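As structure tokens, the structure follows; a few thoughts come after it.
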Amino acid sequence: MNGPSRRQLLIGGGGLALAGVGARAWQQGLLGGDNPALAAWDDWSSGRQAGPLKLVGAAVLAASPHNTQPWAFAVGRLGVDIFEIASRSLGTMDPFGRERLAGLGAAIHNMALASTAVGRAARVRLLPDPGNPAHVARILLGPDGSGPAPHPLLPFIGRRHTHRGSWRGGPVSTPKLIALLAFPAFPDVRVALFEAASPRGQRFAALTAEATAAIVADSAMMADSHRWFRHERSEAMRRMDGLTLATSGVSPLLAAGAALLPAQSAQSEGRFWLEATRDSHLPTASLFGLVLTPRPHDRRSAMLVGSAWQRLHLNATMAGLAAQPLNQLPEMIDREAQLGRKAGFARAADALLDDPAWRPGFGFRIGIADAPAGAALRRPVSAVIGPPARLAFEVDQWRAAGGAF
Ligand SMILES: Cc1cc2nc3c(=O)[nH]c(=O)nc-3n(C[C@H](O)[C@H](O)[C@H](O)COP(=O)(O)O)c2cc1C
């Protein structure tokens with residue numbers, strides 16, 4: 001087969017750089033019934049949005065840390081603006097907002113892909129307004145018919161789901177590796193993949209387990225994480241964000257059993273997460289990886305890291321591979337910096353890097369699962385757009401055009 005060799009695609013093998021039961025289960029969203037907090041997935045897959053709204057329909061399905069969905073949109077005839085909602089925060093789990101920006105970058109990547117579904121050429125400008133850093137991107141749309149052909153990843157925007165289950169393990173075939181890594185260069189972003197059994201793969205697993213234990217022992221981090229766990233169906237339906245038992249990776253049977261128990265505390269969530277990481281996530285992965293960047297806290301770089309993850313996960317979905325972010329290591333690197341502690345995790349991460357100037361911006365695992373993961377809650381398009389913002393966008397464009405369209 002032509003193209004890069006397996007050794008070139010992987011690090012760590014010596015190659016080059018390139019994670020009653022019925023009633024309670026129902027309450028937790030584990031069993032049947034129409035769930036309006038999942039309708040956004042169907043809206044996209046059934047093609048319910050048209051024009052610039054279609055970009056927002058794709059954006060809301062992007063990955064975001066703890067499913068915080070830290071975004072709002074302004075939609076006009078000429079394009080779409082996306083804004084950071086800093087209050088949708090993970091607190092001490094993400095003290096510098098780096099992960100929040102990664103979520104916004106993921107949404108921007110989906111919007112760029114979705115522009116090919118509306119037949120209008122798109123220009124993406126990151127951080128277009130120096131006076132308003134919360135205005136993270138503007139996607140300008142050209143006239144009808146100006147765009148490229150629909151992107152082959154479009155159908156996978158609605159099928160990409162974070163998979164937190166036990167996988168099969170074993171190697172990923174070379175054609176699948178090539179498909180996984182097929183994406184355009186993002187400035188200042190590199191991807192490093194490690195075979196799980198390789199020395200660097202083992203090092204990644206050991207450091208991720210250690211970082212998970214450190215997070216679980218940090219009560220402020222666990223409390224901030226816990227705020228985004230939705231225990232009751234009514235809360236999930238109202239908020240349409242956050243994490244649920246249904247997407248925690250436990251089998252539906254076990255999840256239904258666990259649903260009998262009272263809502264979990266931050267501590268019991270921590271214990272479950274640590275065990276799942278050590279006994280299931282790490283040992284059943286085929287590949288581990290890092291998205292690297294020289295300046296992980298630069299706002300633009302953090303967004304590009306998130307765009308790269310969204311693309312990797314979409315590629316994985318198209319290739320029939322399962323994927324899960326494993327960000328405990330970058331999270332502990334930030335937490336140590338926030339507390340002014342010795343940079344223990346940052347130094348330990350050097351062992352995973354060919355060039356220590358390229359820092360870990362995002363960690364993950366890739367592998368082979370027997371069944372696909374379920375969809376996570378989402379706020380629909382109608383909940384994330386607003387008339388005042390729309391007006392601002394059109395006025396801006398009107399001014400830029402010299403006062404006339
Ligand atoms: C910056 C960032 C960090 C994340 N870190 C983790 C993580 O460490 N572990 C995990 O299981 N999921 C992680 N996720 C995945 C989110 O929890 C997930 O995207 C969100 O819950 C929505 O679910 P979905 O991806 O299935 O649509 C992360 C996502 C982003 C964008």
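Labeling convention for the structure tokens: chains A, B, ... as they appear, residues from 1 per chain, ligands from 1 in order of appearance.
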Grab me every residue within 9 Å of ligand 1, counting only C-alpha atoms and all ligand atoms, and send it over as a PyMOL selection string.
chain A and resi 19+60-69+98-106+158-164+241-244+247-249+302+305-307+309-310+313+324-329+331+361-364+373-378
If you run DSSP on the backbone, which residues of region 89-155 of chain A are strand (DSSP E or B), as an NGL selection string?
:A and (122-126 or 135-141)
Write out the residues from the selection above, keeping C-alpha atoms, as a short mmCIF file (atom, residue, chain, number, x, y, z; two decimals), in the first residue's frame.
```cif
data_model
loop_
_atom_site.label_atom_id
_atom_site.label_comp_id
_atom_site.auth_asym_id
_atom_site.auth_seq_id
_atom_site.Cartn_x
_atom_site.Cartn_y
_atom_site.Cartn_z
CA ALA A 122 -16.82 30.11 3.96
CA ARG A 123 -14.06 32.24 5.41
CA VAL A 124 -13.30 31.64 9.08
CA ARG A 125 -11.78 34.50 11.09
CA LEU A 126 -10.68 33.59 14.59
CA HIS A 135 -16.22 37.06 20.06
CA VAL A 136 -14.18 33.98 19.17
CA ALA A 137 -14.93 33.64 15.45
CA ARG A 138 -16.83 34.98 12.50
CA ILE A 139 -17.72 32.67 9.61
CA LEU A 140 -18.44 34.72 6.53
CA LEU A 141 -20.49 33.02 3.84
#
```
Looking at A:Ala337, A:Ala220, A:Ala371, A:Ala185, which one is nearest to Arg311 (chain A), with distances taken over only C-alpha atoms?
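Between A:Ala337, A:Ala220, A:Ala371, A:Ala185, the residue approaching Arg311 (chain A) most closely is A:Ala185.
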So that I can see what lies close to Val191 (chain A), please list as a list in words the residues with an atom at most 10 Å from it, counting only C-alpha atoms and leaving out residues fewer than 3 positions away in the same chain.
Leu9, Leu10, Ala17, Leu18, Leu181, Gly289, Leu290, Val291, Leu292, Thr293, Val305, Ala308, Trp309, Leu312, Pro360, Gly361, Phe362 and Gly363 of chain A
Please list as an MDAnalysis selection string every residue within 12 Å of Glu235 (chain A), counting only C-alpha atoms and excluding residues in the same chain fewer than 3 positions away.
chainID A and resid 27:29 37 227:232 238:244 377
Filtering to C-alpha atoms, could you give me those residues as a compact mmCIF listing (two decimals), in the first residue's frame?
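Writing the result to out-v2.txt gives the following:
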```
# COMPACT_ATOMS: atom_id res chain seq x y z
CA GLN A 27 -35.56 9.63 35.56
CA GLN A 28 -31.89 9.44 34.67
CA GLY A 29 -32.65 9.37 30.96
CA ALA A 37 -32.58 17.23 25.11
CA ARG A 227 -21.71 20.60 39.16
CA TRP A 228 -21.90 19.41 35.54
CA PHE A 229 -23.29 15.95 36.34
CA ARG A 230 -27.06 15.73 35.69
CA HIS A 231 -28.66 13.12 37.94
CA GLU A 232 -32.37 13.60 37.28
CA ARG A 238 -34.27 21.57 31.58
CA ARG A 239 -30.56 22.23 31.24
CA MET A 240 -29.78 20.08 28.18
CA ASP A 241 -26.07 20.05 29.02
CA GLY A 242 -23.59 18.26 31.27
CA LEU A 243 -22.79 14.58 31.82
CA THR A 244 -25.21 11.75 32.59
CA LEU A 377 -27.57 16.04 25.85
```
Step one, run DSSP on the backbone; step two, keep only residues of region 125-351 of chain A assigned to helix (DSSP H, G or I); then write them as a PyMOL selection string.
chain A and resi 154-156+174-180+199-216+219-226+233-239+245-247+252-258+266-281+299-318+328-339+344-351
Surrounding residues of Ser166 (chain A) excluding itself and chain neighbours under 5 positions, 12 Å, only C-alpha atoms, as a list in words:
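Counting only C-alpha atoms, the residues come to Ala19, Ser248, Gly249, Val250, Ser251, Ala276, Thr277, Arg278, Asp279, Ser280, His281, Leu282, Pro283, Thr284, Ala285, Ser286, Ala322, Ala323, Gln324, Arg365, Ile366, Gly367, Ile368, Ala369, Asp370, Ala371, Pro372 and Ala373 of chain A.
A straight line drawn from CA of Val172 (chain A) to CA of Phe186 (chain A) is 24.2 Å long.
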State, in Å with one decimal place, the distance from CA of Ser173 (chain A) to CA of Leu321 (chain A).
10.5 Å
